[in-house]
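Quick notes on the structure that follows.
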Amino acid sequence: MDISVQELKTKLENKEDFVLIDVREPHEHEEFNVGGSLYPVGDLPNKVDQLSDQKEAEVVVYCRSGGRSGMAQTILQGAGFKNVRNLTGGMLAWVDTFGTTKPG
């Protein structure tokens, strides 16, 4: 299941309860992010245990354009996460839609 940048912005502004994960590399996260916890997709298979208490929660994953977060979605679903959503278009879509303004 995917989520649009508009839906994500609304969830962030409403301070909804969900887990937000940035699967990009640290330098990308430092340049601009929307508040997600950093778990680079290459490290994610080894870090899934750190997130195991979130298996029932809604999890939103994002990257630059949606490709790496699609892989992360598959990894998390394979590990038993029930509700993982991929941000369509990633940070490129966010910047195209809202600029570099952080939500909230």
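Residues in the structure tokens are named by chain (A, B, ... in the order shown) and by number from 1 within that chain; ligands are numbered from 1 in the order shown.
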Open item on the list: Show me, as a ChimeraX atom specification, the residues that have an atom within 6 Å of segment 40-44 of chain A when counting only C-alpha atoms, minus same-chain residues fewer than 6 positions from it.
Closed with: /A:23-25,72
Task: Shell around His27 of chain A at 12 Å using only C-alpha atoms, local window under 4 positions removed, as a ChimeraX atom specification - done: /A:22-23,31-33,38,40,64
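Distances to Trp94 of chain A were evaluated for A:Glu16, A:Glu7, A:Asp2, A:Glu58 using only C-alpha atoms, and the minimum falls at A:Glu7.
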Task: strand (DSSP E) positions in chain A, given as a VMD selection string - done: chain A and resid 2 to 3 19 to 22 37 to 38 58 to 62 83 to 87
Hey, can you spit out that residue selection with all heavy atoms as a compact mmCIF listing (two decimals), in the first residue's frame?
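What ended up in again35.txt:
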# COMPACT_ATOMS: atom_id res chain seq x y z
N ASP A 2 0.50 2.24 -0.76
CA ASP A 2 1.27 3.46 -0.86
C ASP A 2 0.55 4.61 -0.15
O ASP A 2 -0.62 4.53 0.18
CB ASP A 2 1.50 3.82 -2.32
CG ASP A 2 2.43 2.84 -3.03
OD1 ASP A 2 3.20 2.15 -2.34
OD2 ASP A 2 2.38 2.77 -4.25
N ILE A 3 1.30 5.70 0.04
CA ILE A 3 0.74 6.91 0.62
C ILE A 3 1.28 8.09 -0.18
O ILE A 3 2.44 8.09 -0.60
CB ILE A 3 1.11 7.02 2.13
CG1 ILE A 3 0.45 8.24 2.78
CG2 ILE A 3 2.61 7.01 2.34
CD1 ILE A 3 0.59 8.28 4.29
N VAL A 19 4.74 5.21 12.53
CA VAL A 19 6.20 5.14 12.53
C VAL A 19 6.68 5.64 11.17
O VAL A 19 6.23 5.15 10.13
CB VAL A 19 6.66 3.69 12.77
CG1 VAL A 19 8.18 3.60 12.73
CG2 VAL A 19 6.12 3.17 14.09
N LEU A 20 7.59 6.61 11.16
CA LEU A 20 8.11 7.19 9.92
C LEU A 20 9.59 6.83 9.80
O LEU A 20 10.38 7.14 10.70
CB LEU A 20 7.92 8.70 9.94
CG LEU A 20 8.29 9.48 8.69
CD1 LEU A 20 7.48 9.02 7.48
CD2 LEU A 20 8.09 10.98 8.91
N ILE A 21 9.94 6.17 8.68
CA ILE A 21 11.30 5.68 8.49
C ILE A 21 11.88 6.20 7.18
O ILE A 21 11.29 6.01 6.11
CB ILE A 21 11.34 4.14 8.51
CG1 ILE A 21 10.85 3.62 9.87
CG2 ILE A 21 12.75 3.63 8.21
CD1 ILE A 21 10.75 2.11 9.96
N ASP A 22 13.04 6.82 7.27
CA ASP A 22 13.81 7.29 6.12
C ASP A 22 14.84 6.21 5.79
O ASP A 22 15.68 5.88 6.62
CB ASP A 22 14.51 8.60 6.50
CG ASP A 22 15.28 9.26 5.37
OD1 ASP A 22 15.52 8.61 4.33
OD2 ASP A 22 15.67 10.43 5.54
N SER A 37 12.92 8.43 11.22
CA SER A 37 14.11 7.80 11.79
C SER A 37 14.92 7.19 10.67
O SER A 37 14.36 6.60 9.75
CB SER A 37 13.70 6.69 12.77
OG SER A 37 12.95 7.23 13.83
N LEU A 38 16.23 7.33 10.72
CA LEU A 38 17.10 6.87 9.64
C LEU A 38 17.47 5.41 9.80
O LEU A 38 18.09 5.01 10.79
CB LEU A 38 18.36 7.74 9.60
CG LEU A 38 19.36 7.41 8.50
CD1 LEU A 38 18.74 7.61 7.11
CD2 LEU A 38 20.62 8.25 8.64
N GLU A 58 1.15 1.33 12.05
CA GLU A 58 1.27 1.83 10.68
C GLU A 58 2.70 2.34 10.52
O GLU A 58 3.18 3.12 11.35
CB GLU A 58 0.28 2.96 10.41
CG GLU A 58 0.41 3.52 9.02
CD GLU A 58 -0.56 4.65 8.73
OE1 GLU A 58 -1.18 5.18 9.68
OE2 GLU A 58 -0.70 5.01 7.56
N VAL A 59 3.39 1.88 9.48
CA VAL A 59 4.76 2.29 9.21
C VAL A 59 4.79 2.93 7.82
O VAL A 59 4.30 2.37 6.86
CB VAL A 59 5.73 1.08 9.24
CG1 VAL A 59 7.14 1.50 8.89
CG2 VAL A 59 5.69 0.39 10.59
N VAL A 60 5.36 4.13 7.73
CA VAL A 60 5.54 4.81 6.45
C VAL A 60 7.04 4.88 6.17
O VAL A 60 7.80 5.37 7.01
CB VAL A 60 4.93 6.23 6.46
CG1 VAL A 60 5.21 6.96 5.15
CG2 VAL A 60 3.42 6.17 6.72
N VAL A 61 7.45 4.37 5.01
CA VAL A 61 8.85 4.41 4.61
C VAL A 61 9.01 5.37 3.44
O VAL A 61 8.13 5.49 2.59
CB VAL A 61 9.39 3.01 4.25
CG1 VAL A 61 9.49 2.14 5.48
CG2 VAL A 61 8.53 2.32 3.20
N TYR A 62 10.15 6.09 3.42
CA TYR A 62 10.41 7.00 2.30
C TYR A 62 11.89 7.03 1.95
O TYR A 62 12.75 6.70 2.76
CB TYR A 62 9.88 8.41 2.60
CG TYR A 62 10.61 9.19 3.67
CD1 TYR A 62 11.71 9.99 3.36
CD2 TYR A 62 10.18 9.15 4.99
CE1 TYR A 62 12.35 10.73 4.34
CE2 TYR A 62 10.82 9.89 5.98
CZ TYR A 62 11.90 10.68 5.64
OH TYR A 62 12.55 11.42 6.61
N ASN A 83 1.29 -3.29 8.33
CA ASN A 83 0.76 -2.11 7.64
C ASN A 83 1.90 -1.16 7.25
O ASN A 83 2.15 -0.16 7.92
CB ASN A 83 -0.25 -1.39 8.55
CG ASN A 83 -0.94 -0.22 7.88
OD1 ASN A 83 -0.88 -0.05 6.66
ND2 ASN A 83 -1.60 0.59 8.67
N VAL A 84 2.61 -1.51 6.18
CA VAL A 84 3.76 -0.71 5.71
C VAL A 84 3.35 0.03 4.45
O VAL A 84 2.91 -0.56 3.47
CB VAL A 84 4.98 -1.60 5.42
CG1 VAL A 84 6.18 -0.74 5.04
CG2 VAL A 84 5.32 -2.48 6.61
N ARG A 85 3.52 1.36 4.48
CA ARG A 85 3.13 2.20 3.36
C ARG A 85 4.37 2.89 2.78
O ARG A 85 5.21 3.40 3.51
CB ARG A 85 2.10 3.23 3.79
CG ARG A 85 0.86 2.54 4.40
CD ARG A 85 -0.15 3.51 4.87
NE ARG A 85 -0.85 4.07 3.71
CZ ARG A 85 -1.72 5.06 3.81
NH1 ARG A 85 -1.99 5.62 4.97
NH2 ARG A 85 -2.32 5.51 2.73
N ASN A 86 4.46 2.89 1.46
CA ASN A 86 5.58 3.50 0.74
C ASN A 86 5.16 4.88 0.26
O ASN A 86 4.11 5.03 -0.38
CB ASN A 86 5.96 2.60 -0.43
CG ASN A 86 7.15 3.12 -1.21
OD1 ASN A 86 7.85 4.03 -0.78
ND2 ASN A 86 7.39 2.53 -2.36
N LEU A 87 5.98 5.90 0.54
CA LEU A 87 5.68 7.26 0.09
C LEU A 87 5.90 7.36 -1.42
O LEU A 87 7.03 7.28 -1.90
CB LEU A 87 6.55 8.28 0.83
CG LEU A 87 6.29 9.74 0.46
CD1 LEU A 87 4.86 10.16 0.83
CD2 LEU A 87 7.30 10.64 1.14
Open item on the list: According to DSSP computed on the backbone, where in chain A is there helix (DSSP H, G or I)? Give the residues as a ChimeraX atom specification.
Closed with: /A:5-13,26-31,44-54,67-78,90-98
Generate a file of the selected residues that holds C-alpha atoms, formatted as a PDB file, in the first residue's frame.
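Dumped to part28.pdb:
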ATOM      1  CA  VAL A   5       2.885  13.263  -0.001  1.00  0.00           C
ATOM      2  CA  GLN A   6      -0.390  15.090   0.668  1.00  0.00           C
ATOM      3  CA  GLU A   7      -1.632  12.242   2.901  1.00  0.00           C
ATOM      4  CA  LEU A   8       1.690  12.115   4.756  1.00  0.00           C
ATOM      5  CA  LYS A   9       1.734  15.880   5.315  1.00  0.00           C
ATOM      6  CA  THR A  10      -1.764  15.704   6.789  1.00  0.00           C
ATOM      7  CA  LYS A  11      -0.767  12.825   9.099  1.00  0.00           C
ATOM      8  CA  LEU A  12       2.277  14.788  10.293  1.00  0.00           C
ATOM      9  CA  GLU A  13       0.321  18.007  10.824  1.00  0.00           C
ATOM     10  CA  PRO A  26      22.904   9.515   6.115  1.00  0.00           C
ATOM     11  CA  HIS A  27      24.088  12.372   3.872  1.00  0.00           C
ATOM     12  CA  GLU A  28      20.682  12.486   2.143  1.00  0.00           C
ATOM     13  CA  HIS A  29      18.903  12.489   5.501  1.00  0.00           C
ATOM     14  CA  GLU A  30      21.085  15.375   6.704  1.00  0.00           C
ATOM     15  CA  GLU A  31      20.348  17.448   3.585  1.00  0.00           C
ATOM     16  CA  LEU A  44      17.545  -2.526   7.286  1.00  0.00           C
ATOM     17  CA  PRO A  45      17.657  -6.346   7.189  1.00  0.00           C
ATOM     18  CA  ASN A  46      20.117  -6.258  10.113  1.00  0.00           C
ATOM     19  CA  LYS A  47      18.105  -3.620  12.024  1.00  0.00           C
ATOM     20  CA  VAL A  48      14.593  -5.071  11.675  1.00  0.00           C
ATOM     21  CA  ASP A  49      14.825  -6.467  15.215  1.00  0.00           C
ATOM     22  CA  GLN A  50      15.115  -2.899  16.542  1.00  0.00           C
ATOM     23  CA  LEU A  51      11.671  -2.209  15.073  1.00  0.00           C
ATOM     24  CA  SER A  52      10.006  -5.490  16.032  1.00  0.00           C
ATOM     25  CA  ASP A  53       7.738  -3.823  18.624  1.00  0.00           C
ATOM     26  CA  GLN A  54       6.177  -1.828  15.748  1.00  0.00           C
ATOM     27  CA  GLY A  67      12.486   2.799  -5.185  1.00  0.00           C
ATOM     28  CA  ARG A  68      14.518   2.075  -2.071  1.00  0.00           C
ATOM     29  CA  SER A  69      11.489   2.542   0.135  1.00  0.00           C
ATOM     30  CA  GLY A  70       9.678  -0.019  -2.020  1.00  0.00           C
ATOM     31  CA  MET A  71      12.472  -2.466  -1.188  1.00  0.00           C
ATOM     32  CA  ALA A  72      12.213  -1.518   2.494  1.00  0.00           C
ATOM     33  CA  GLN A  73       8.460  -2.104   2.365  1.00  0.00           C
ATOM     34  CA  THR A  74       9.077  -5.628   1.055  1.00  0.00           C
ATOM     35  CA  ILE A  75      11.731  -6.302   3.729  1.00  0.00           C
ATOM     36  CA  LEU A  76       9.459  -5.149   6.546  1.00  0.00           C
ATOM     37  CA  GLN A  77       6.422  -7.024   5.240  1.00  0.00           C
ATOM     38  CA  GLY A  78       8.565 -10.154   4.969  1.00  0.00           C
ATOM     39  CA  GLY A  90       9.630  10.049  -2.110  1.00  0.00           C
ATOM     40  CA  MET A  91      11.364  13.280  -1.150  1.00  0.00           C
ATOM     41  CA  LEU A  92      11.453  14.399  -4.786  1.00  0.00           C
ATOM     42  CA  ALA A  93       7.647  14.472  -4.797  1.00  0.00           C
ATOM     43  CA  TRP A  94       7.616  16.206  -1.410  1.00  0.00           C
ATOM     44  CA  VAL A  95       9.953  18.964  -2.618  1.00  0.00           C
ATOM     45  CA  ASP A  96       8.025  19.308  -5.901  1.00  0.00           C
ATOM     46  CA  THR A  97       4.771  19.696  -3.974  1.00  0.00           C
ATOM     47  CA  PHE A  98       5.767  21.593  -0.817  1.00  0.00           C
TER      48      PHE A  98
END
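The space between atom CA of Gly99 of chain A and atom CA of Val34 of chain A spans 11.5 Å.
Note that atom CA of Pro103 of chain A and atom CA of Gly36 of chain A are 11.3 Å apart.
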